[in-house]
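Quick look at start-v3.txt (compact mmCIF, C-alpha atoms and all ligand atoms):
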# COMPACT_ATOMS: atom_id res chain seq x y z
CA MET A 1 -10.94 17.34 15.18
CA SER A 2 -12.13 14.52 17.37
CA ALA A 3 -12.99 11.18 15.83
CA LEU A 4 -15.51 10.59 18.59
CA THR A 5 -19.06 11.40 17.58
CA THR A 6 -22.36 10.88 19.29
CA HIS A 7 -22.61 7.23 18.30
CA ASN A 8 -20.84 4.51 20.25
CA ALA A 9 -17.25 4.86 19.11
CA THR A 10 -15.54 1.76 17.75
CA ALA A 11 -12.19 0.61 19.17
CA GLU A 12 -10.60 1.94 15.96
CA GLU A 13 -12.14 5.40 16.44
CA VAL A 14 -11.00 5.49 20.06
CA TYR A 15 -7.48 4.61 18.88
CA LEU A 16 -7.62 7.43 16.30
CA ASP A 17 -8.54 9.88 19.04
CA ARG A 18 -5.56 8.78 21.14
CA LEU A 19 -3.22 9.14 18.13
CA LEU A 20 -4.53 12.66 17.44
CA ALA A 21 -4.32 13.66 21.11
CA ALA A 22 -0.67 12.50 21.20
CA GLN A 23 0.00 14.38 17.92
CA LEU A 24 1.26 11.21 16.33
CA LEU A 25 -1.19 11.99 13.55
CA LEU A 26 -2.37 15.52 12.79
CA PRO A 27 -5.88 15.99 11.43
CA THR A 28 -7.10 17.60 8.25
CA ASP A 29 -10.76 18.30 7.51
CA LEU A 30 -10.97 14.99 5.68
CA PRO A 31 -11.37 11.45 7.04
CA GLY A 32 -8.41 9.21 6.24
CA ILE A 33 -6.07 12.11 5.35
CA TYR A 34 -3.54 12.95 8.08
CA ALA A 35 -0.22 14.66 8.48
CA ARG A 36 2.34 12.54 10.32
CA GLY A 37 3.65 14.12 13.51
CA SER A 38 7.28 14.09 14.58
CA ALA A 39 7.29 10.77 16.46
CA PHE A 40 5.26 8.99 13.79
CA ALA A 41 7.60 10.26 11.08
CA GLN A 42 10.64 9.11 13.09
CA ILE A 43 9.28 5.57 13.39
CA MET A 44 8.48 5.58 9.69
CA GLU A 45 12.06 6.54 8.80
CA GLY A 46 13.51 3.92 11.11
CA LEU A 47 11.16 1.33 9.65
CA GLU A 48 12.24 2.18 6.11
CA HIS A 49 15.88 1.68 7.08
CA ALA A 50 15.11 -1.57 8.92
CA ILE A 51 13.31 -2.94 5.84
CA THR A 52 16.25 -1.95 3.64
CA ARG A 53 18.71 -3.77 5.92
CA TYR A 54 16.44 -6.80 6.15
CA GLY A 55 15.19 -7.15 2.58
CA ARG A 56 17.50 -5.52 0.07
CA THR A 57 20.41 -7.46 -1.46
CA LYS A 58 23.07 -6.19 -3.84
CA GLU A 59 21.10 -7.68 -6.75
CA THR A 60 17.93 -5.78 -5.83
CA ILE A 61 16.97 -3.02 -8.25
CA LEU A 62 16.03 0.18 -6.41
CA LEU A 63 13.16 2.16 -7.93
CA ARG A 64 11.52 5.33 -6.59
CA CYS A 65 8.67 6.93 -8.52
CA PRO A 66 6.23 9.84 -8.35
CA PRO A 67 2.98 9.21 -6.43
CA VAL A 68 1.04 9.69 -9.66
CA LEU A 69 0.98 6.98 -12.28
CA PRO A 70 0.23 7.26 -16.03
CA ARG A 71 -3.50 6.49 -16.37
CA SER A 72 -2.64 4.21 -19.31
CA ILE A 73 -0.97 1.77 -16.89
CA VAL A 74 -4.03 1.29 -14.67
CA GLU A 75 -6.24 1.07 -17.76
CA LYS A 76 -4.00 -1.64 -19.23
CA CYS A 77 -4.04 -3.53 -15.92
CA GLY A 78 -7.86 -3.52 -15.76
CA TYR A 79 -8.04 -1.39 -12.61
CA PHE A 80 -11.19 0.38 -13.89
CA GLN A 81 -12.84 -3.04 -14.34
CA SER A 82 -11.84 -4.47 -10.98
CA PHE A 83 -11.50 -1.57 -8.51
CA PRO A 84 -13.09 1.63 -9.95
CA GLN A 85 -14.37 2.50 -6.45
CA LEU A 86 -10.82 2.80 -5.08
CA LEU A 87 -9.12 4.81 -7.79
CA GLY A 88 -8.15 8.44 -7.25
CA CYS A 89 -8.43 10.07 -10.68
CA MET A 90 -7.03 13.52 -11.23
CA CYS A 91 -8.44 16.47 -13.12
CA SER A 92 -6.73 19.52 -14.58
CA PHE A 93 -7.89 22.87 -15.87
CA THR A 94 -7.02 23.17 -19.56
CA GLY A 95 -9.19 26.10 -20.69
CA GLY A 96 -8.44 29.70 -21.61
CA THR A 97 -9.58 32.93 -19.95
CA THR A 98 -13.26 32.51 -20.85
CA GLU A 99 -13.34 29.02 -19.35
CA HIS A 100 -11.41 30.37 -16.37
CA ASP A 101 -14.14 32.94 -15.69
CA ALA A 102 -16.69 30.12 -15.66
CA LEU A 103 -14.47 28.10 -13.35
CA MET A 104 -14.13 30.99 -10.90
CA GLN A 105 -17.89 31.46 -10.83
CA ALA A 106 -18.32 27.78 -10.03
CA VAL A 107 -15.64 27.97 -7.28
CA ASP A 108 -17.30 31.04 -5.74
CA ALA A 109 -20.75 29.44 -5.87
CA GLY A 110 -19.46 26.14 -4.42
CA ASP A 111 -20.75 24.35 -7.55
CA ASN A 112 -19.54 21.10 -9.04
CA LEU A 113 -16.20 21.88 -10.69
CA LEU A 114 -16.03 18.78 -12.84
CA PRO A 115 -17.66 20.32 -15.97
CA HIS A 116 -14.85 22.90 -15.97
CA LEU A 117 -11.99 20.41 -15.71
CA GLU A 118 -10.54 17.62 -17.82
CA LEU A 119 -9.60 14.13 -16.79
CA ALA A 120 -5.83 14.10 -16.46
CA ASP A 121 -3.48 11.54 -17.99
CA VAL A 122 -2.26 10.56 -14.50
CA VAL A 123 -4.01 8.87 -11.57
CA MET A 124 -2.94 8.47 -7.94
CA ALA A 125 -0.95 5.24 -7.65
CA PRO A 126 -3.26 2.63 -6.06
CA ALA A 127 -0.35 0.30 -5.23
CA ALA A 128 3.41 0.73 -5.42
CA CYS A 129 4.18 -2.16 -7.75
CA TYR A 130 2.27 -0.90 -10.84
CA TYR A 131 5.30 1.24 -11.65
CA VAL A 132 7.62 -1.77 -11.77
CA TYR A 133 6.19 -3.97 -14.55
CA PRO A 134 6.59 -1.63 -17.57
CA TYR A 135 10.32 -1.33 -16.77
CA LEU A 136 10.70 -5.13 -16.80
CA ALA A 137 9.66 -5.47 -20.47
CA GLY A 138 12.04 -7.71 -22.41
CA THR A 139 14.05 -10.75 -21.39
CA LEU A 140 14.92 -11.31 -17.74
CA PRO A 141 18.28 -12.68 -16.57
CA THR A 142 18.32 -16.38 -15.56
CA GLU A 143 17.95 -15.53 -11.90
CA GLY A 144 14.98 -13.19 -12.55
CA LYS A 145 14.79 -9.65 -11.18
CA THR A 146 13.81 -8.30 -7.78
CA THR A 147 12.80 -4.64 -7.42
CA ASP A 148 12.51 -2.58 -4.24
CA ILE A 149 9.90 0.17 -4.58
CA GLU A 150 8.20 2.46 -2.10
CA ASN A 151 5.44 4.89 -2.96
CA TRP A 152 2.55 6.90 -1.67
CA CYS A 153 -0.67 5.11 -2.57
CA TYR A 154 -4.22 6.39 -2.69
CA ARG A 155 -7.45 4.44 -2.24
CA HIS A 156 -10.79 6.17 -2.02
CA GLU A 157 -12.05 4.66 1.22
CA PRO A 158 -12.94 7.53 3.60
CA SER A 159 -13.04 6.19 7.15
CA LEU A 160 -12.40 7.15 10.77
CA ASN A 161 -10.52 3.89 11.19
CA PRO A 162 -6.85 4.98 11.35
CA MET A 163 -5.84 1.61 9.91
CA ARG A 164 -7.72 2.58 6.77
CA MET A 165 -6.09 5.70 5.41
CA ARG A 166 -6.84 7.10 1.99
CA SER A 167 -3.25 8.13 1.40
CA PHE A 168 -0.55 5.86 2.77
CA ARG A 169 2.85 4.44 1.94
CA MET A 170 3.52 1.00 0.60
CA ARG A 171 6.98 -0.57 0.37
CA GLU A 172 7.20 -3.56 -1.95
CA PHE A 173 9.67 -6.16 -3.09
CA VAL A 174 8.61 -7.42 -6.51
CA HIS A 175 10.06 -10.47 -8.22
CA ALA A 176 9.77 -11.45 -11.89
CA GLY A 177 11.09 -14.76 -13.18
CA THR A 178 9.98 -18.32 -13.86
CA PRO A 179 6.85 -19.66 -12.10
CA GLU A 180 9.13 -21.52 -9.65
CA GLN A 181 11.16 -18.38 -8.93
CA ALA A 182 8.07 -16.20 -8.38
CA LEU A 183 6.41 -18.80 -6.14
CA GLY A 184 9.65 -19.47 -4.27
CA PHE A 185 10.05 -15.72 -3.69
CA ARG A 186 6.47 -15.50 -2.44
CA ASP A 187 6.81 -18.46 -0.07
CA ARG A 188 10.18 -17.36 1.32
CA TRP A 189 8.93 -13.81 1.87
CA ILE A 190 5.79 -14.89 3.74
CA GLU A 191 8.08 -16.58 6.28
CA ARG A 192 10.62 -13.76 6.31
CA ALA A 193 7.88 -11.15 6.70
CA GLN A 194 6.59 -12.90 9.81
CA GLU A 195 10.13 -13.08 11.16
CA PHE A 196 10.66 -9.36 10.45
CA LEU A 197 7.54 -8.48 12.44
CA THR A 198 8.72 -10.74 15.29
CA LEU A 199 11.95 -8.68 15.43
CA LEU A 200 9.73 -5.64 16.02
CA GLY A 201 7.91 -7.42 18.86
CA LEU A 202 4.81 -8.02 16.74
CA THR A 203 2.99 -11.31 16.27
CA ALA A 204 1.18 -11.79 12.98
CA THR A 205 -0.88 -14.66 11.61
CA VAL A 206 -0.90 -15.54 7.91
CA GLU A 207 -4.21 -15.98 6.12
CA ALA A 208 -5.35 -16.48 2.54
CA ALA A 209 -7.14 -13.35 1.37
CA SER A 210 -8.87 -11.71 -1.58
CA ASP A 211 -9.10 -8.19 -2.97
CA PRO A 212 -12.28 -6.03 -2.81
CA PHE A 213 -13.34 -6.55 -6.44
CA PHE A 214 -16.19 -4.30 -7.65
CA GLY A 215 -19.59 -5.33 -8.94
CA ALA A 216 -21.35 -8.49 -10.00
CA GLY A 217 -18.26 -10.57 -10.69
CA GLU A 218 -16.89 -9.69 -7.27
CA ARG A 219 -17.69 -12.97 -5.49
CA LEU A 220 -16.38 -15.10 -8.32
CA MET A 221 -13.12 -13.16 -8.67
CA ALA A 222 -12.51 -13.21 -4.92
CA ALA A 223 -13.32 -16.95 -4.71
CA GLN A 224 -10.90 -17.72 -7.56
CA GLN A 225 -8.18 -15.67 -5.91
CA ARG A 226 -8.63 -17.62 -2.68
CA ALA A 227 -8.99 -21.02 -4.36
CA GLN A 228 -5.71 -20.50 -6.20
CA ALA A 229 -4.04 -19.14 -3.03
CA LEU A 230 -2.84 -16.05 -4.88
CA LYS A 231 -3.06 -13.58 -1.99
CA PHE A 232 -1.93 -13.89 1.62
CA GLU A 233 -2.12 -11.31 4.37
CA LEU A 234 -0.21 -10.95 7.61
CA LEU A 235 -2.77 -9.98 10.20
CA ILE A 236 -2.30 -8.28 13.56
CA PRO A 237 -5.18 -7.57 15.98
CA ILE A 238 -4.09 -3.93 16.43
CA VAL A 239 -7.08 -2.76 18.47
CA SER A 240 -9.63 -5.53 17.97
CA ASP A 241 -9.35 -9.31 17.98
CA GLU A 242 -12.44 -9.60 15.76
CA ARG A 243 -11.13 -7.17 13.14
CA PRO A 244 -7.41 -7.80 12.73
CA THR A 245 -5.51 -5.57 10.30
CA ALA A 246 -3.48 -6.69 7.28
CA VAL A 247 -0.12 -5.02 7.89
CA MET A 248 1.55 -6.82 4.99
CA SER A 249 0.38 -8.81 2.02
CA SER A 250 1.79 -10.99 -0.71
CA ASN A 251 0.37 -11.47 -4.17
CA TYR A 252 1.25 -14.04 -6.81
CA HIS A 253 0.04 -12.70 -10.18
CA LYS A 254 1.01 -15.75 -12.26
CA ASP A 255 1.69 -14.48 -15.83
CA HIS A 256 -0.83 -11.58 -15.67
CA PHE A 257 1.72 -8.74 -15.71
CA GLY A 258 4.20 -10.78 -17.75
CA HIS A 259 1.62 -10.94 -20.56
CA LEU A 260 0.52 -7.33 -20.30
CA PHE A 261 4.03 -5.90 -20.30
CA ASP A 262 5.90 -8.46 -22.49
CA ILE A 263 8.19 -9.77 -19.78
CA HIS A 264 9.96 -13.01 -20.69
CA THR A 265 12.27 -15.54 -19.12
CA PRO A 266 15.45 -16.47 -21.08
CA ASP A 267 13.71 -19.53 -22.59
CA GLY A 268 11.04 -17.28 -24.16
CA GLN A 269 8.23 -18.12 -21.70
CA THR A 270 6.04 -15.38 -20.26
CA ALA A 271 7.41 -14.33 -16.88
CA HIS A 272 5.51 -14.83 -13.63
CA THR A 273 5.53 -12.16 -10.94
CA ALA A 274 4.94 -11.92 -7.20
CA CYS A 275 5.09 -9.01 -4.77
CA LEU A 276 5.36 -8.54 -1.04
CA ALA A 277 3.94 -5.31 0.37
CA PHE A 278 4.68 -3.65 3.71
CA GLY A 279 1.80 -1.37 4.76
CA MET A 280 4.08 1.24 6.34
CA GLU A 281 1.53 3.21 8.40
CA ARG A 282 -0.21 0.04 9.52
CA ILE A 283 3.06 -1.38 10.85
CA VAL A 284 3.69 1.88 12.73
CA LEU A 285 0.15 1.76 14.13
CA ALA A 286 0.70 -1.84 15.24
CA LEU A 287 3.98 -0.83 16.93
CA LEU A 288 2.30 2.05 18.78
CA ALA A 289 -0.57 -0.16 19.94
CA GLU A 290 1.80 -2.91 21.09
CA HIS A 291 4.58 -0.86 22.69
CA GLY A 292 2.73 2.31 23.70
CA LEU A 293 2.42 5.83 22.33
CA GLN A 294 5.53 7.02 24.21
CA LEU A 295 8.59 6.06 22.22
CA SER A 296 10.80 6.71 25.26
CA GLN A 297 9.05 3.77 26.98
CA TRP A 298 9.73 1.29 24.18
CA PRO A 299 12.14 -1.61 24.77
CA ARG A 300 15.76 -0.51 24.23
CA THR A 301 16.43 -3.09 21.50
CA LEU A 302 13.41 -1.91 19.53
CA GLN A 303 14.42 1.74 19.91
CA ALA A 304 17.84 0.84 18.54
CA ARG A 305 16.39 -1.23 15.69
CA LEU A 306 14.10 1.60 14.59
CA GLU A 307 16.51 4.45 15.47
CA VAL A 308 14.01 6.17 17.76
CA ASN A 309 14.31 7.38 21.34
P1 LIG B 1 -3.18 -4.63 -0.88
O1 LIG B 1 -2.66 -4.27 -2.24
O2 LIG B 1 -2.85 -6.02 -0.46
O3 LIG B 1 -4.62 -4.27 -0.69
O4 LIG B 1 -2.40 -3.66 0.11
C1 LIG B 1 -1.04 -3.85 0.39
C2 LIG B 1 -0.78 -3.38 1.79
O5 LIG B 1 -1.02 -1.97 1.87
C3 LIG B 1 -1.72 -4.00 2.82
O6 LIG B 1 -1.22 -5.21 3.32
C4 LIG B 1 -1.76 -2.94 3.89
O7 LIG B 1 -0.75 -3.14 4.83
C5 LIG B 1 -1.57 -1.64 3.14
N1 LIG B 1 -2.89 -1.01 2.98
C6 LIG B 1 -3.92 -1.39 2.20
N2 LIG B 1 -4.97 -0.57 2.37
C7 LIG B 1 -4.60 0.35 3.27
C8 LIG B 1 -5.27 1.47 3.86
O8 LIG B 1 -6.43 1.78 3.60
N3 LIG B 1 -4.56 2.19 4.77
C9 LIG B 1 -3.29 1.90 5.09
N4 LIG B 1 -2.65 2.66 5.99
N5 LIG B 1 -2.64 0.83 4.57
C10 LIG B 1 -3.28 0.08 3.66
ZN ZN B 2 2.20 -5.34 -5.42
Could you write out this structure as structure tokens?
Ligand code: 5GP
Ligand code: ZN
Amino acid sequence: MSALTTHNATAEEVYLDRLLAAQLLLPTDLPGIYARGSAFAQIMEGLEHAITRYGRTKETILLRCPPVLPRSIVEKCGYFQSFPQLLGCMCSFTGGTTEHDALMQAVDAGDNLLPHLELADVVMAPAACYYVYPYLAGTLPTEGKTTDIENWCYRHEPSLNPMRMRSFRMREFVHAGTPEQALGFRDRWIERAQEFLTLLGLTATVEAASDPFFGAGERLMAAQQRAQALKFELLIPIVSDERPTAVMSSNYHKDHFGHLFDIHTPDGQTAHTACLAFGMERIVLALLAEHGLQLSQWPRTLQARLEVN
């Protein structure tokens, strides 16, 4: 598959073609869904280890979860209200033999299969941190709690821009505590995140940002998020100065998740939460654009830091 079509290819599409040609990414028939080739996977592993060494302390709670999430969690968090366009819902076949015959006819005819399936009780995780909050229910210790989670995430945004994948990995550090603790965590991590990228030879700028809310309330929600400085992104111009890519982002949720999941501080107040997300593939794509597609040509210190050669 070549990303290049008859129209004038964007810088992002040209980059995708180079990544496919070098077998860093391997194509499927679908835009935004790729297998990771050997070199890409090696960088990814090294990056995971580097983040662990840099960000995890002995107090950090380690959590690893399936890439599917109970649908009840996204419903409770209002994901259907705010981002229905991004959610990957799952369906299952629950019928008997008669219904199966009808399903097979539909498969053979290439018909819509949806009438033969049922909405499942799980969805694809749209972000890693949704799994964390239910497990924080109850009273936090005085120092709050920090969780380290990594997960496959899905967002329904088909694109030939390799920086916009539909299925990608997100590593997050999530803190729950008092408002001061959550904000302090957020502020410290924005600085530390920039420093981490510098260690990888990457230069990022920090900008206030907003999420792609759906529908009529979209502008208002996004404006509020910016006005309250709730979301920041670390941007790198991977292939285009005009369209830099958010390789990491931080979110301060105030008491949103604390309320929803009954998380309290020792004095009985609703807990505040903040998270810091590493967009794993995007960081790898930034590394490849900055240091070249040949790992053997990368600076020695970087090779050592990411355990590649
Ligand atoms: P957010 O929840 O802030 O939208 O996403 C968190 C992080 O996940 C982003 O900073 C970014 O690095 C990564 N991310 C978001 N959307 C995509 C995407 O479409 N493709 C890839 N590869 N990473 C994404
Ligand atoms: Zn998060």
For chain A versus ligand LIG 1 (chain B), which residues have an atom no more than 8 Å away, and what is each residue's nearest atom pair and distance in Å rounded to one decimal, using only C-alpha atoms and all ligand atoms, chain-then-number order, as a Markdown table?
| residue | atom | partner | partner_atom | distance |
| --- | --- | --- | --- | --- |
| A:Pro126 | CA | B:LIG1 | O1 | 7.9 |
| A:Ala127 | CA | B:LIG1 | O1 | 5.9 |
| A:Arg155 | CA | B:LIG1 | O8 | 6.5 |
| A:Glu157 | CA | B:LIG1 | O8 | 6.7 |
| A:Pro162 | CA | B:LIG1 | N4 | 7.2 |
| A:Met163 | CA | B:LIG1 | N4 | 5.2 |
| A:Arg164 | CA | B:LIG1 | O8 | 3.5 |
| A:Met165 | CA | B:LIG1 | N3 | 3.9 |
| A:Arg166 | CA | B:LIG1 | O8 | 5.6 |
| A:Ser167 | CA | B:LIG1 | N3 | 7.0 |
| A:Phe168 | CA | B:LIG1 | N4 | 5.0 |
| A:Arg169 | CA | B:LIG1 | N4 | 7.1 |
| A:Met170 | CA | B:LIG1 | O5 | 5.6 |
| A:Asp211 | CA | B:LIG1 | O3 | 6.4 |
| A:Lys231 | CA | B:LIG1 | O2 | 7.7 |
| A:Glu233 | CA | B:LIG1 | O6 | 6.3 |
| A:Leu234 | CA | B:LIG1 | O6 | 7.2 |
| A:Thr245 | CA | B:LIG1 | O7 | 7.6 |
| A:Ala246 | CA | B:LIG1 | O6 | 4.8 |
| A:Val247 | CA | B:LIG1 | O7 | 3.6 |
| A:Met248 | CA | B:LIG1 | O6 | 3.6 |
| A:Ser249 | CA | B:LIG1 | O6 | 4.1 |
| A:Ser250 | CA | B:LIG1 | O2 | 6.8 |
| A:Asn251 | CA | B:LIG1 | O2 | 7.3 |
| A:Ala277 | CA | B:LIG1 | C1 | 5.2 |
| A:Phe278 | CA | B:LIG1 | O7 | 5.6 |
| A:Gly279 | CA | B:LIG1 | O7 | 3.1 |
| A:Met280 | CA | B:LIG1 | O7 | 6.7 |
| A:Glu281 | CA | B:LIG1 | N4 | 4.9 |
| A:Arg282 | CA | B:LIG1 | N4 | 5.0 |
| A:Ile283 | CA | B:LIG1 | O7 | 7.3 |
Leaving out segment 290-304 of chain A and any residue of its chain fewer than 4 positions from it, which residues lie within 10 Å of it when counting only C-alpha atoms, given as JSON, numbers by chain?
{"A": [18, 19, 22, 23, 24, 39, 40, 42, 43, 46, 199, 200, 201, 202, 203, 237, 238, 239, 284, 285, 286, 308, 309]}
Residue selection dump (C-alpha atoms) as an mmCIF file, keeping the file's coordinate frame:
data_model
loop_
_atom_site.group_PDB
_atom_site.id
_atom_site.type_symbol
_atom_site.label_atom_id
_atom_site.label_comp_id
_atom_site.auth_asym_id
_atom_site.auth_seq_id
_atom_site.Cartn_x
_atom_site.Cartn_y
_atom_site.Cartn_z
ATOM 1 C CA ARG A 18 -5.560 8.780 21.140
ATOM 2 C CA LEU A 19 -3.220 9.140 18.130
ATOM 3 C CA ALA A 22 -0.670 12.500 21.200
ATOM 4 C CA GLN A 23 0.000 14.380 17.920
ATOM 5 C CA LEU A 24 1.260 11.210 16.330
ATOM 6 C CA ALA A 39 7.290 10.770 16.460
ATOM 7 C CA PHE A 40 5.260 8.990 13.790
ATOM 8 C CA GLN A 42 10.640 9.110 13.090
ATOM 9 C CA ILE A 43 9.280 5.570 13.390
ATOM 10 C CA GLY A 46 13.510 3.920 11.110
ATOM 11 C CA LEU A 199 11.950 -8.680 15.430
ATOM 12 C CA LEU A 200 9.730 -5.640 16.020
ATOM 13 C CA GLY A 201 7.910 -7.420 18.860
ATOM 14 C CA LEU A 202 4.810 -8.020 16.740
ATOM 15 C CA THR A 203 2.990 -11.310 16.270
ATOM 16 C CA PRO A 237 -5.180 -7.570 15.980
ATOM 17 C CA ILE A 238 -4.090 -3.930 16.430
ATOM 18 C CA VAL A 239 -7.080 -2.760 18.470
ATOM 19 C CA VAL A 284 3.690 1.880 12.730
ATOM 20 C CA LEU A 285 0.150 1.760 14.130
ATOM 21 C CA ALA A 286 0.700 -1.840 15.240
ATOM 22 C CA VAL A 308 14.010 6.170 17.760
ATOM 23 C CA ASN A 309 14.310 7.380 21.340
#
Determine, for each residue of chain A having at least one atom at most 12 Å from an atom of ligand ZN 2 (chain B), the closest pair of atoms and their separation in Å to one decimal, counting all atoms listed in the file; order by chain and ascending number, as CSV.
residue,atom,partner,partner_atom,distance
A:Ala125,CA,B:ZN2,ZN,11.3
A:Pro126,CA,B:ZN2,ZN,9.7
A:Ala127,CA,B:ZN2,ZN,6.2
A:Ala128,CA,B:ZN2,ZN,6.2
A:Cys129,CA,B:ZN2,ZN,4.4
A:Tyr130,CA,B:ZN2,ZN,7.0
A:Tyr131,CA,B:ZN2,ZN,9.6
A:Val132,CA,B:ZN2,ZN,9.1
A:Tyr133,CA,B:ZN2,ZN,10.1
A:Thr147,CA,B:ZN2,ZN,10.8
A:Asp148,CA,B:ZN2,ZN,10.7
A:Ile149,CA,B:ZN2,ZN,9.5
A:Glu150,CA,B:ZN2,ZN,10.4
A:Asn151,CA,B:ZN2,ZN,11.0
A:Cys153,CA,B:ZN2,ZN,11.2
A:Met170,CA,B:ZN2,ZN,8.8
A:Arg171,CA,B:ZN2,ZN,8.9
A:Glu172,CA,B:ZN2,ZN,6.3
A:Phe173,CA,B:ZN2,ZN,7.9
A:Val174,CA,B:ZN2,ZN,6.8
A:His175,CA,B:ZN2,ZN,9.8
A:Ala176,CA,B:ZN2,ZN,11.7
A:Arg186,CA,B:ZN2,ZN,11.4
A:Asp211,CA,B:ZN2,ZN,11.9
A:Leu230,CA,B:ZN2,ZN,11.8
A:Lys231,CA,B:ZN2,ZN,10.4
A:Phe232,CA,B:ZN2,ZN,11.8
A:Met248,CA,B:ZN2,ZN,10.5
A:Ser249,CA,B:ZN2,ZN,8.4
A:Ser250,CA,B:ZN2,ZN,7.4
A:Asn251,CA,B:ZN2,ZN,6.5
A:Tyr252,CA,B:ZN2,ZN,8.9
A:His253,CA,B:ZN2,ZN,9.0
A:Phe257,CA,B:ZN2,ZN,10.8
A:Thr273,CA,B:ZN2,ZN,9.4
A:Ala274,CA,B:ZN2,ZN,7.3
A:Cys275,CA,B:ZN2,ZN,4.7
A:Leu276,CA,B:ZN2,ZN,6.3
A:Ala277,CA,B:ZN2,ZN,6.0
A:Phe278,CA,B:ZN2,ZN,9.6
A:Gly279,CA,B:ZN2,ZN,10.9
Atom pair atom CA of Tyr79 of chain A / atom CA of Tyr135 of chain A: separation (Å):
18.8 Å
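Using only C-alpha atoms, the residues found no farther than 9 Å from Glu143 of chain A, other than those of its own chain fewer than 6 positions away, are Gly177, Thr178 and Gln181 of chain A.
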Selected residues written out, C-alpha atoms, as a CSV table (one decimal), in the frame of the given file:
chain,number,residue,atom,x,y,z
A,177,GLY,CA,11.1,-14.8,-13.2
A,178,THR,CA,10.0,-18.3,-13.9
A,181,GLN,CA,11.2,-18.4,-8.9
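Of the listed residues A:Trp152, A:Pro141, A:Phe196, A:Phe93, the one whose atoms come nearest to Arg64 of chain A is A:Trp152, with distances taken using only C-alpha atoms.
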Enter the distance from atom CA of Thr198 of chain A to atom CA of Gly184 of chain A, in Å, rounded to one decimal.
21.4 Å
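Between atom CA of Asp262 of chain A and atom CA of Thr57 of chain A the interatomic distance comes to 25.6 Å.
Closest approach to Thr139 of chain A among A:Gly95, A:Pro266, A:Arg305, A:Ala11 is made by A:Pro266 (distances from all atoms listed in the file).
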Centre and size of axis-aligned box enclosing segment 86-102 of chain A plus 5 Å each side, as JSON:
{"center_x": -11.7, "center_y": 17.9, "center_z": -13.3, "size_x": 20.0, "size_y": 40.1, "size_z": 26.5}
Can you put all heavy atoms back into segment 284-288 of chain A and show it as an mmCIF file, in the coordinates of the input?
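Written out: part16.cif:
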data_model
loop_
_atom_site.group_PDB
_atom_site.id
_atom_site.type_symbol
_atom_site.label_atom_id
_atom_site.label_comp_id
_atom_site.auth_asym_id
_atom_site.auth_seq_id
_atom_site.Cartn_x
_atom_site.Cartn_y
_atom_site.Cartn_z
ATOM 1 N N VAL A 284 3.455 0.885 11.666
ATOM 2 C CA VAL A 284 3.690 1.880 12.730
ATOM 3 C C VAL A 284 2.531 1.865 13.731
ATOM 4 O O VAL A 284 2.750 1.899 14.947
ATOM 5 C CB VAL A 284 3.878 3.298 12.114
ATOM 6 C CG1 VAL A 284 3.999 4.349 13.213
ATOM 7 C CG2 VAL A 284 5.104 3.335 11.206
ATOM 8 N N LEU A 285 1.315 1.776 13.235
ATOM 9 C CA LEU A 285 0.150 1.760 14.130
ATOM 10 C C LEU A 285 0.142 0.503 15.003
ATOM 11 O O LEU A 285 -0.261 0.556 16.171
ATOM 12 C CB LEU A 285 -1.145 1.859 13.313
ATOM 13 C CG LEU A 285 -1.348 3.199 12.592
ATOM 14 C CD1 LEU A 285 -2.534 3.141 11.643
ATOM 15 C CD2 LEU A 285 -1.525 4.335 13.603
ATOM 16 N N ALA A 286 0.606 -0.606 14.448
ATOM 17 C CA ALA A 286 0.700 -1.840 15.240
ATOM 18 C C ALA A 286 1.780 -1.687 16.318
ATOM 19 O O ALA A 286 1.591 -2.119 17.462
ATOM 20 C CB ALA A 286 1.015 -3.025 14.327
ATOM 21 N N LEU A 287 2.894 -1.050 15.960
ATOM 22 C CA LEU A 287 3.980 -0.830 16.930
ATOM 23 C C LEU A 287 3.495 0.053 18.077
ATOM 24 O O LEU A 287 3.759 -0.226 19.256
ATOM 25 C CB LEU A 287 5.173 -0.151 16.240
ATOM 26 C CG LEU A 287 6.021 -1.046 15.329
ATOM 27 C CD1 LEU A 287 6.891 -0.201 14.404
ATOM 28 C CD2 LEU A 287 6.901 -1.979 16.176
ATOM 29 N N LEU A 288 2.775 1.120 17.750
ATOM 30 C CA LEU A 288 2.300 2.050 18.780
ATOM 31 C C LEU A 288 1.273 1.382 19.697
ATOM 32 O O LEU A 288 1.256 1.626 20.905
ATOM 33 C CB LEU A 288 1.694 3.294 18.119
ATOM 34 C CG LEU A 288 2.700 4.225 17.426
ATOM 35 C CD1 LEU A 288 1.995 5.194 16.485
ATOM 36 C CD2 LEU A 288 3.528 4.994 18.474
#
